[in-house]
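S.K.: Handing you this structure, nothing more for now.
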Amino acid sequence: MDRPITWYVVADAGRAEALVKRRHESGFDTVRTWENPLAHLKAHDLGSDKPGRAFDSLGAHRSAMEPHENPKDVSERNFARELADALAAAVAAGEVERIVLIAAPRLLGMIRPLLSPAVTAVIHSEHAKDYTKLPRADLFARLNELRPVGG
C-alpha cells in the first residue's frame with residue numbers, strides 16, 4: 001500500500017517551500033517554491049513618500065493622515081493568499097493528500113482563515129515556527145521529528 005503524499009510546507013512572509021520525504025533514503029526534495037520579493041523591502045519603499053495631510057474639522061489646522069493599511073502588511077497578506085490558493089489547487093489536483101504546515105507565527109495567523117475547507121481537511125498538523133533560514137541538514141532533522149506515521 002502506498003503512503004499518502006505529504007507536503008511539508010515551510011514558510012515565512014518572504015518565501016515558502018513544499019518538501020516531500022525521499023523514499024528509501026534520508027532527506028527531503030523540494031516540489032514547489034513560492035517567493036514574495038516585496039517582503040524584504042522596508043514599508044516606506046513599498047508606499048508613498050509621506051502621509052497625506054488634512055484640515056481639522058474645526059479651524060485651519062492641518063495634520064498628517066496615517067495610511068489605512070501598511071504596504072508591508074498588504075504584501076504579506078497577498079503572499080498568504082497566494083500560498084493558500086496554491087495549496088487549494090494542489091489538493092484539488094491530487095498532488096498532495098496530507099500537509100504539515102510549518103510557518104512563522106505571523107504568517108500562520110494570516111493564512112489560517114484563507115485556507116479552503118479542502119485544504120483544512122488535509123492538514124495533519126500546524127507548527128508556528130520559522131524554519132526557512134535553517135541549513136538543509138537542520139531543516140531535514142526538524143522535519144523528520146514532525147513526520148506523521150507513514151508520511
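Letters A, B, ... go to the chains of the C-alpha cells in the order shown; residues in each chain start at 1; ligands are counted from 1 in the same order.
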Near Ala104 in chain A, within 6 Å and counting only C-alpha atoms, which residues show up once chain neighbours fewer than 4 positions away are dropped, as a ChimeraX atom specification?

M.R.: /A:12,128-130

S.K.: At a cut-off of 12 Å, using only C-alpha atoms, what residues contact Leu143 in chain A? Leave out same-chain residues fewer than 5 positions from it and give the result as a PDB file with C-alpha atoms, in the first residue's frame.

M.R.:
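Saved the output as out.pdb:
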ATOM      1  CA  THR A   6       2.659  14.501   2.399  1.00  0.00           C
ATOM      2  CA  TRP A   7       3.882  18.029   1.789  1.00  0.00           C
ATOM      3  CA  TYR A   8       5.891  19.749   4.482  1.00  0.00           C
ATOM      4  CA  VAL A   9       5.196  23.413   3.785  1.00  0.00           C
ATOM      5  CA  VAL A  10       7.840  25.636   5.365  1.00  0.00           C
ATOM      6  CA  ALA A  18       6.829  22.439  -0.154  1.00  0.00           C
ATOM      7  CA  LEU A  19       9.006  19.414   0.523  1.00  0.00           C
ATOM      8  CA  VAL A  20       8.360  15.669   0.361  1.00  0.00           C
ATOM      9  CA  LYS A  21      10.246  12.906   2.152  1.00  0.00           C
ATOM     10  CA  ARG A  22      12.526  10.904  -0.125  1.00  0.00           C
ATOM     11  CA  SER A  26      17.265  10.245   4.005  1.00  0.00           C
ATOM     12  CA  GLY A  27      16.347  13.816   3.227  1.00  0.00           C
ATOM     13  CA  PHE A  28      13.576  15.705   1.506  1.00  0.00           C
ATOM     14  CA  ASP A  29      13.029  17.023  -2.015  1.00  0.00           C
ATOM     15  CA  VAL A 100       2.284  19.537   7.613  1.00  0.00           C
ATOM     16  CA  LEU A 101       2.269  23.342   7.777  1.00  0.00           C
ATOM     17  CA  ILE A 102       5.270  25.000   9.429  1.00  0.00           C
ATOM     18  CA  SER A 125      -0.511  19.436  11.842  1.00  0.00           C
ATOM     19  CA  HIS A 127       3.599  24.466  13.762  1.00  0.00           C
ATOM     20  CA  LYS A 129       7.921  28.082  13.727  1.00  0.00           C
ATOM     21  CA  TYR A 131      12.381  27.138   9.652  1.00  0.00           C
ATOM     22  CA  THR A 132      13.011  28.968   6.360  1.00  0.00           C
ATOM     23  CA  LEU A 134      17.762  26.794   8.713  1.00  0.00           C
ATOM     24  CA  ARG A 136      19.280  21.998   4.993  1.00  0.00           C
ATOM     25  CA  ALA A 137      20.587  19.333   7.385  1.00  0.00           C
ATOM     26  CA  ASP A 138      18.957  21.078  10.359  1.00  0.00           C
ATOM     27  CA  PRO A 148       3.307  11.682  10.651  1.00  0.00           C
ATOM     28  CA  GLY A 151       4.492  10.005   5.993  1.00  0.00           C
TER      29      GLY A 151
END

S.K.: For Thr33 in chain A, find every residue with an atom within 8 Å (counting only C-alpha atoms), except residues of its own chain fewer than 4 positions away, and show them as a PyMOL selection string.

M.R.: chain A and resi 15-18

S.K.: Hey, what's within 7 Å of Leu107 in chain A if we count only C-alpha atoms and toss same-chain stuff fewer than 3 positions away? As an NGL selection string, please?

M.R.: :A and (12-13 or 80 or 103-104 or 110-111)

S.K.: With C-alpha atoms retained, write the just-selected residues as a compact mmCIF listing (two decimals), in the first residue's frame.

M.R.:
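So out-v1.txt came out as:
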# COMPACT_ATOMS: atom_id res chain seq x y z
CA ASP A 12 7.63 32.87 6.27
CA ALA A 13 6.48 36.20 4.80
CA ALA A 80 -0.59 34.39 2.33
CA ALA A 103 5.10 28.77 9.20
CA ALA A 104 6.31 31.85 11.02
CA MET A 110 -2.72 35.26 8.28
CA ILE A 111 -3.05 32.06 6.28

S.K.: Need the shell around range 35-38 of chain A: protein/DNA/RNA residues with any atom at most 8 Å away, counting only C-alpha atoms. Skip same-chain ones fewer than 3 positions apart. Format as a compact mmCIF listing (two decimals) with C-alpha atoms, in the first residue's frame?

M.R.:
# COMPACT_ATOMS: atom_id res chain seq x y z
CA ALA A 13 6.48 36.20 4.80
CA GLY A 14 9.23 36.11 2.15
CA ARG A 15 9.25 32.57 0.86
CA ALA A 16 7.59 29.21 1.12
CA LEU A 41 11.69 45.80 1.34
CA LEU A 46 6.53 49.99 -0.81
CA LYS A 72 4.20 45.68 4.03
CA SER A 75 2.26 42.44 0.74
CA GLU A 76 2.30 39.74 3.42
CA PHE A 79 1.51 36.31 -0.21

S.K.: Please provide as a ChimeraX atom specification all residues within 9 Å of range 83-87 of chain A, with the sequence filter that same-chain residues fewer than 4 positions apart are discarded (counting only C-alpha atoms).

M.R.: /A:16,34,78-79,91-92,96,111-112,114-116,119
